[in-house]
>>> print(open('upload.txt').read())   # compact mmCIF, C-alpha atoms and all ligand atoms
# COMPACT_ATOMS: atom_id res chain seq x y z
CA MET K 15 0.00 0.00 0.00
CA PRO K 16 1.55 3.36 -0.97
CA VAL K 17 2.28 5.71 1.88
CA VAL K 18 1.68 9.40 1.29
CA THR K 19 4.22 11.40 3.22
CA LYS K 20 4.82 15.11 3.37
CA SER K 21 6.45 16.41 0.23
CA ASP K 22 10.00 17.40 1.10
CA THR K 23 10.37 19.15 -2.21
CA ILE K 24 7.88 21.95 -1.63
CA ASP K 25 9.35 25.28 -2.61
CA TRP K 26 8.03 27.67 0.03
CA LYS K 27 9.01 30.62 -2.16
CA THR K 28 6.07 29.71 -4.41
CA VAL K 29 3.49 29.75 -1.60
CA ARG K 30 1.02 32.61 -1.09
CA ILE K 31 -0.77 32.76 2.22
CA ALA K 32 -2.97 35.18 4.15
CA VAL K 33 -3.32 35.78 7.86
CA VAL K 34 -6.63 37.38 8.86
CA ALA K 35 -7.02 38.65 12.42
CA ALA K 36 -10.19 39.80 14.14
CA ARG K 37 -9.90 43.24 15.78
CA TRP K 38 -11.99 42.24 18.79
CA ASN K 39 -9.58 41.57 21.68
CA SER K 40 -6.78 42.92 19.52
CA PHE K 41 -4.34 42.91 22.46
CA ILE K 42 -4.55 39.11 22.05
CA THR K 43 -5.00 38.78 18.29
CA ASP K 44 -2.09 41.15 17.51
CA GLU K 45 0.28 38.76 19.32
CA MET K 46 -1.19 35.77 17.52
CA LEU K 47 -0.93 37.52 14.16
CA LYS K 48 2.71 38.29 14.84
CA GLY K 49 3.36 34.69 15.89
CA ALA K 50 1.70 33.42 12.71
CA VAL K 51 3.65 35.75 10.41
CA ASP K 52 6.96 34.88 12.10
CA ALA K 53 6.21 31.16 11.70
CA LEU K 54 5.42 31.60 7.99
CA LYS K 55 8.59 33.62 7.43
CA GLY K 56 10.49 30.87 9.26
CA LYS K 57 9.25 28.41 6.65
CA GLY K 58 10.78 30.55 3.93
CA ILE K 59 7.62 32.12 2.51
CA PRO K 60 8.61 35.54 1.13
CA ASP K 61 7.28 38.61 2.96
CA LYS K 62 5.48 39.91 -0.12
CA GLN K 63 3.48 36.65 -0.33
CA ILE K 64 2.24 36.83 3.28
CA TYR K 65 -0.87 39.01 3.25
CA GLN K 66 -1.99 40.49 6.57
CA LEU K 67 -5.62 41.55 6.93
CA ARG K 68 -8.00 42.52 9.71
CA CYS K 69 -11.74 42.07 10.07
CA PRO K 70 -14.10 43.39 12.77
CA GLY K 71 -14.67 40.27 14.89
CA SER K 72 -14.43 36.50 14.83
CA PHE K 73 -17.91 36.25 13.35
CA GLU K 74 -16.55 37.92 10.18
CA LEU K 75 -13.52 35.61 9.84
CA PRO K 76 -15.06 33.04 7.46
CA LEU K 77 -16.10 35.67 4.92
CA ALA K 78 -12.80 37.56 5.23
CA CYS K 79 -10.92 34.28 4.66
CA LYS K 80 -13.09 33.58 1.62
CA TYR K 81 -12.13 36.99 0.18
CA CYS K 82 -8.47 35.99 0.55
CA LEU K 83 -8.94 32.70 -1.27
CA ASP K 84 -11.08 34.22 -4.03
CA GLU K 85 -9.46 37.61 -4.58
CA LEU K 86 -5.85 37.14 -3.45
CA ASP K 87 -5.61 33.61 -4.82
CA THR K 88 -3.78 32.36 -1.75
CA ASP K 89 -2.87 28.70 -1.19
CA GLY K 90 -4.26 28.89 2.32
CA VAL K 91 -5.39 31.21 5.08
CA VAL K 92 -4.79 31.45 8.81
CA ALA K 93 -7.83 32.76 10.72
CA ILE K 94 -6.99 34.46 14.01
CA GLY K 95 -9.54 35.42 16.66
CA ALA K 96 -10.16 35.46 20.40
CA VAL K 97 -13.65 34.90 21.75
CA ILE K 98 -13.75 35.31 25.50
CA ARG K 99 -16.78 34.09 27.41
CA GLY K 100 -16.59 36.79 30.05
CA GLY K 101 -16.60 39.43 27.35
CA THR K 102 -19.63 38.35 25.39
CA PRO K 103 -23.13 37.27 26.26
CA HIS K 104 -23.33 35.55 22.88
CA PHE K 105 -20.09 33.59 23.23
CA ASP K 106 -21.71 30.36 22.03
CA TYR K 107 -23.25 31.98 18.96
CA VAL K 108 -19.98 33.58 17.86
CA CYS K 109 -18.02 30.36 18.55
CA ASP K 110 -20.53 28.20 16.65
CA ALA K 111 -20.69 30.58 13.69
CA VAL K 112 -16.92 30.92 13.24
CA THR K 113 -16.29 27.20 13.73
CA ARG K 114 -18.96 26.18 11.24
CA GLY K 115 -18.00 28.91 8.77
CA ILE K 116 -14.33 27.96 8.72
CA THR K 117 -15.08 24.24 8.52
CA ASP K 118 -17.41 24.81 5.55
CA LEU K 119 -14.87 27.05 3.82
CA ASN K 120 -12.16 24.37 4.07
CA LEU K 121 -14.38 21.82 2.38
CA GLU K 122 -15.96 24.17 -0.19
CA SER K 123 -12.68 25.73 -1.30
CA GLY K 124 -10.48 22.64 -1.03
CA LYS K 125 -7.82 24.87 0.47
CA PRO K 126 -6.64 24.94 4.07
CA VAL K 127 -8.10 27.58 6.35
CA ALA K 128 -6.43 27.07 9.71
CA PHE K 129 -8.44 27.64 12.87
CA GLY K 130 -6.45 30.01 15.04
CA VAL K 131 -9.41 31.09 17.12
CA LEU K 132 -9.15 31.02 20.90
CA THR K 133 -12.36 30.30 22.76
CA THR K 134 -11.66 30.82 26.43
CA ASP K 135 -13.53 31.49 29.66
CA THR K 136 -11.21 34.27 30.78
CA VAL K 137 -8.84 36.93 29.47
CA GLU K 138 -6.00 35.25 31.41
CA GLN K 139 -6.50 31.98 29.54
CA ALA K 140 -6.41 33.84 26.23
CA VAL K 141 -3.24 35.72 27.19
CA GLU K 142 -1.54 32.42 28.11
CA ARG K 143 -2.23 31.07 24.63
CA ALA K 144 -1.12 34.14 22.73
CA GLY K 145 2.58 33.69 23.20
CA ILE K 146 3.40 34.64 26.72
CA HIS K 147 3.28 31.38 28.71
CA LYS K 148 1.81 28.51 26.71
CA GLY K 149 3.08 28.96 23.18
CA ASN K 150 1.47 31.01 20.48
CA LYS K 151 -1.69 29.51 18.96
CA GLY K 152 -1.37 31.83 15.97
CA ALA K 153 2.00 30.30 15.14
CA GLU K 154 0.60 26.80 15.66
CA ALA K 155 -2.29 27.52 13.29
CA ALA K 156 0.12 28.92 10.68
CA LEU K 157 2.20 25.73 10.80
CA SER K 158 -0.98 23.64 10.44
CA ALA K 159 -1.87 25.57 7.28
CA CYS K 160 1.66 24.93 5.95
CA GLU K 161 1.38 21.22 6.66
CA MET K 162 -1.94 21.05 4.81
CA ILE K 163 -0.49 22.90 1.81
CA GLU K 164 2.33 20.32 1.77
CA LEU K 165 -0.18 17.49 2.05
CA GLN K 166 -2.25 18.83 -0.82
CA ARG K 167 0.84 19.06 -3.04
CA ALA K 168 1.99 15.59 -1.94
CA VAL K 169 -1.26 13.90 -3.04
CA LYS K 170 -1.41 15.71 -6.40
C1 LIG K 201 -20.01 41.32 19.57
C2 LIG K 201 -18.80 40.54 19.98
C3 LIG K 201 -18.61 40.21 21.33
C4 LIG K 201 -19.59 40.58 22.38
N1 LIG K 201 -17.52 39.52 21.73
C5 LIG K 201 -16.58 39.16 20.80
C6 LIG K 201 -15.41 38.42 21.19
O1 LIG K 201 -15.16 38.09 22.36
N2 LIG K 201 -14.51 38.10 20.22
C7 LIG K 201 -14.71 38.42 18.88
O2 LIG K 201 -13.85 38.09 18.05
N3 LIG K 201 -15.81 39.11 18.51
C8 LIG K 201 -16.74 39.48 19.42
N4 LIG K 201 -17.85 40.19 19.06
C9 LIG K 201 -17.95 40.68 17.65
C10 LIG K 201 -18.55 39.67 16.67
O3 LIG K 201 -17.58 38.69 16.31
C11 LIG K 201 -18.96 40.44 15.37
O4 LIG K 201 -17.86 41.20 14.91
C12 LIG K 201 -20.13 41.38 15.59
O5 LIG K 201 -21.23 40.68 16.13
C13 LIG K 201 -20.57 42.06 14.26
O6 LIG K 201 -20.99 41.08 13.31
>>> encode(input="upload.txt", output="structure tokens")
Amino acid sequence: MPVVTKSDTIDWKTVRIAVVAARWNSFITDEMLKGAVDALKGKGIPDKQIYQLRCPGSFELPLACKYCLDELDTDGVVAIGAVIRGGTPHFDYVCDAVTRGITDLNLESGKPVAFGVLTTDTVEQAVERAGIHKGNKGAEAALSACEMIELQRAVK
């Protein structure tokens, strides 16, 4: 049985990718955006092929990511947001909408849209996951998008 492994021959200089960050809780999402961009640069993707965009809140992320795929012709997108339960009475609605929207966009577009959206009970938990104590979830999402781009090219 053939084994599909990651393509080691991917030329990261040919990859175009977008990072879209929600402005809500921007003290968190700014750090995650930075972590994501640094991770993509670390892969060798040229600066001019890493698009950085902002949208109002996490609810808008799926549509903003779709714009990137359709209009910027990117190979993938990293969606960055922070939904904090204490900060929103409609936490569950925003979380459900962004999760479903991004899942649907992955399958409809056939391109990776990484889920870098924190859903936490407290600000402290979000801060911990934005690069200060427990790694940077923006960077982790960016590397997931890269791995999926590699996987797509490996199965072609
Ligand atoms: C309205 C709202 C609230 C209360 N809380 C958050 C949040 O914690 N994180 C986030 O990313 N966005 C929040 N929003 C904004 C919504 O995502 C959306 O931008 C607005 O409802 C306008 O469509």
>>> residues_near_ligand(input="upload.txt", ligand="ligand LIG 201 (chain K)", cutoff="9 Å", atoms="only C-alpha atoms and all ligand atoms", output="ChimeraX atom specification")
/K:35-40,43,69-75,94-105,108-109,112,131-133
>>> closest_residue(input="upload.txt", among="K:Ala168, K:Tyr107, K:Leu121, K:Leu67", to="Asp44 of chain K", atoms="only C-alpha atoms")
K:Leu67
>>> residues_around(input="upload.txt", residues="segment 87-93 of chain K", least_positions_apart="2", cutoff="9 Å", atoms="all atoms listed in the file", output="number ranges by chain")
K: 29-36, 47, 50, 63, 65, 72, 75-76, 78-85, 95, 116, 125-131, 152, 155-156, 158-160, 162-163
>>> atom_distance(input="upload.txt", atom1="atom CA of Glu45 of chain K", atom2="atom CA of Thr134 of chain K")
16.0 Å
>>> axis_aligned_box(input="upload.txt", around="segment 122-129 of chain K", padding_each_side="5 Å", output="AutoDock Vina command-line options")
--center_x -11.2 --center_y 25.1 --center_z 5.8 --size_x 19.5 --size_y 15.0 --size_z 24.2
>>> closest_residue(input="upload.txt", among="K:Thr28, K:Ile42, K:Thr113, K:Thr23", to="Gly145 of chain K", atoms="all atoms listed in the file")
K:Ile42
>>> atom_distance(input="upload.txt", atom1="atom CA of Asn150 of chain K", atom2="atom CA of Ala53 of chain K")
10.0 Å
>>> atom_distance(input="upload.txt", atom1="atom CA of Leu157 of chain K", atom2="atom CA of Gly58 of chain K")
12.0 Å
>>> build_atoms(input="upload.txt", residues="segment 118-147 of chain K", atoms="N, CA and C atoms", output="PDB file, in the frame of the given file")
ATOM      1  N   ASP K 118     -16.767  24.837   6.885  1.00  0.00           N
ATOM      2  CA  ASP K 118     -17.410  24.810   5.550  1.00  0.00           C
ATOM      3  C   ASP K 118     -16.473  25.347   4.485  1.00  0.00           C
ATOM      4  N   LEU K 119     -15.751  26.430   4.815  1.00  0.00           N
ATOM      5  CA  LEU K 119     -14.870  27.050   3.820  1.00  0.00           C
ATOM      6  C   LEU K 119     -13.727  26.101   3.430  1.00  0.00           C
ATOM      7  N   ASN K 120     -13.192  25.366   4.385  1.00  0.00           N
ATOM      8  CA  ASN K 120     -12.160  24.370   4.070  1.00  0.00           C
ATOM      9  C   ASN K 120     -12.671  23.401   3.010  1.00  0.00           C
ATOM     10  N   LEU K 121     -13.869  22.871   3.262  1.00  0.00           N
ATOM     11  CA  LEU K 121     -14.380  21.820   2.380  1.00  0.00           C
ATOM     12  C   LEU K 121     -14.850  22.389   1.045  1.00  0.00           C
ATOM     13  N   GLU K 122     -15.469  23.569   1.067  1.00  0.00           N
ATOM     14  CA  GLU K 122     -15.960  24.170  -0.190  1.00  0.00           C
ATOM     15  C   GLU K 122     -14.809  24.592  -1.091  1.00  0.00           C
ATOM     16  N   SER K 123     -13.777  25.170  -0.487  1.00  0.00           N
ATOM     17  CA  SER K 123     -12.680  25.730  -1.300  1.00  0.00           C
ATOM     18  C   SER K 123     -11.636  24.674  -1.652  1.00  0.00           C
ATOM     19  N   GLY K 124     -11.536  23.628  -0.828  1.00  0.00           N
ATOM     20  CA  GLY K 124     -10.480  22.640  -1.030  1.00  0.00           C
ATOM     21  C   GLY K 124      -9.108  23.175  -0.642  1.00  0.00           C
ATOM     22  N   LYS K 125      -9.093  24.303   0.033  1.00  0.00           N
ATOM     23  CA  LYS K 125      -7.820  24.870   0.470  1.00  0.00           C
ATOM     24  C   LYS K 125      -7.830  24.998   2.000  1.00  0.00           C
ATOM     25  N   PRO K 126      -6.653  24.904   2.611  1.00  0.00           N
ATOM     26  CA  PRO K 126      -6.640  24.940   4.070  1.00  0.00           C
ATOM     27  C   PRO K 126      -6.906  26.326   4.653  1.00  0.00           C
ATOM     28  N   VAL K 127      -7.828  26.363   5.575  1.00  0.00           N
ATOM     29  CA  VAL K 127      -8.100  27.580   6.350  1.00  0.00           C
ATOM     30  C   VAL K 127      -7.913  27.177   7.806  1.00  0.00           C
ATOM     31  N   ALA K 128      -6.775  27.546   8.372  1.00  0.00           N
ATOM     32  CA  ALA K 128      -6.430  27.070   9.710  1.00  0.00           C
ATOM     33  C   ALA K 128      -7.226  27.822  10.766  1.00  0.00           C
ATOM     34  N   PHE K 129      -7.580  27.098  11.813  1.00  0.00           N
ATOM     35  CA  PHE K 129      -8.440  27.640  12.870  1.00  0.00           C
ATOM     36  C   PHE K 129      -7.585  28.133  14.030  1.00  0.00           C
ATOM     37  N   GLY K 130      -7.216  29.401  13.957  1.00  0.00           N
ATOM     38  CA  GLY K 130      -6.450  30.010  15.040  1.00  0.00           C
ATOM     39  C   GLY K 130      -7.351  30.892  15.875  1.00  0.00           C
ATOM     40  N   VAL K 131      -8.442  30.312  16.333  1.00  0.00           N
ATOM     41  CA  VAL K 131      -9.410  31.090  17.120  1.00  0.00           C
ATOM     42  C   VAL K 131      -9.440  30.558  18.542  1.00  0.00           C
ATOM     43  N   LEU K 132      -9.080  31.411  19.489  1.00  0.00           N
ATOM     44  CA  LEU K 132      -9.150  31.020  20.900  1.00  0.00           C
ATOM     45  C   LEU K 132     -10.581  31.161  21.371  1.00  0.00           C
ATOM     46  N   THR K 133     -11.044  30.193  22.127  1.00  0.00           N
ATOM     47  CA  THR K 133     -12.360  30.300  22.760  1.00  0.00           C
ATOM     48  C   THR K 133     -12.125  29.990  24.241  1.00  0.00           C
ATOM     49  N   THR K 134     -12.062  31.024  25.033  1.00  0.00           N
ATOM     50  CA  THR K 134     -11.660  30.820  26.430  1.00  0.00           C
ATOM     51  C   THR K 134     -12.705  31.421  27.387  1.00  0.00           C
ATOM     52  N   ASP K 135     -12.617  30.967  28.629  1.00  0.00           N
ATOM     53  CA  ASP K 135     -13.530  31.490  29.660  1.00  0.00           C
ATOM     54  C   ASP K 135     -13.066  32.846  30.169  1.00  0.00           C
ATOM     55  N   THR K 136     -11.739  33.050  30.173  1.00  0.00           N
ATOM     56  CA  THR K 136     -11.210  34.270  30.780  1.00  0.00           C
ATOM     57  C   THR K 136     -10.146  34.919  29.890  1.00  0.00           C
ATOM     58  N   VAL K 137      -9.910  36.198  30.158  1.00  0.00           N
ATOM     59  CA  VAL K 137      -8.840  36.930  29.470  1.00  0.00           C
ATOM     60  C   VAL K 137      -7.495  36.262  29.766  1.00  0.00           C
ATOM     61  N   GLU K 138      -7.290  35.845  31.011  1.00  0.00           N
ATOM     62  CA  GLU K 138      -6.000  35.250  31.410  1.00  0.00           C
ATOM     63  C   GLU K 138      -5.698  34.011  30.557  1.00  0.00           C
ATOM     64  N   GLN K 139      -6.720  33.183  30.352  1.00  0.00           N
ATOM     65  CA  GLN K 139      -6.500  31.980  29.540  1.00  0.00           C
ATOM     66  C   GLN K 139      -6.121  32.350  28.114  1.00  0.00           C
ATOM     67  N   ALA K 140      -6.738  33.405  27.598  1.00  0.00           N
ATOM     68  CA  ALA K 140      -6.410  33.840  26.230  1.00  0.00           C
ATOM     69  C   ALA K 140      -4.987  34.369  26.166  1.00  0.00           C
ATOM     70  N   VAL K 141      -4.600  35.163  27.157  1.00  0.00           N
ATOM     71  CA  VAL K 141      -3.240  35.720  27.190  1.00  0.00           C
ATOM     72  C   VAL K 141      -2.202  34.592  27.202  1.00  0.00           C
ATOM     73  N   GLU K 142      -2.486  33.553  28.000  1.00  0.00           N
ATOM     74  CA  GLU K 142      -1.540  32.420  28.110  1.00  0.00           C
ATOM     75  C   GLU K 142      -1.315  31.730  26.770  1.00  0.00           C
ATOM     76  N   ARG K 143      -2.323  31.793  25.903  1.00  0.00           N
ATOM     77  CA  ARG K 143      -2.230  31.070  24.630  1.00  0.00           C
ATOM     78  C   ARG K 143      -1.799  31.951  23.470  1.00  0.00           C
ATOM     79  N   ALA K 144      -1.490  33.196  23.795  1.00  0.00           N
ATOM     80  CA  ALA K 144      -1.120  34.140  22.730  1.00  0.00           C
ATOM     81  C   ALA K 144       0.376  34.438  22.738  1.00  0.00           C
ATOM     82  N   GLY K 145       1.142  33.557  23.355  1.00  0.00           N
ATOM     83  CA  GLY K 145       2.580  33.690  23.200  1.00  0.00           C
ATOM     84  C   GLY K 145       3.355  34.001  24.448  1.00  0.00           C
ATOM     85  N   ILE K 146       2.654  34.219  25.536  1.00  0.00           N
ATOM     86  CA  ILE K 146       3.400  34.640  26.720  1.00  0.00           C
ATOM     87  C   ILE K 146       3.841  33.445  27.558  1.00  0.00           C
ATOM     88  N   HIS K 147       2.895  32.531  27.867  1.00  0.00           N
ATOM     89  CA  HIS K 147       3.280  31.380  28.710  1.00  0.00           C
ATOM     90  C   HIS K 147       3.141  30.025  28.036  1.00  0.00           C
TER      91      HIS K 147
END
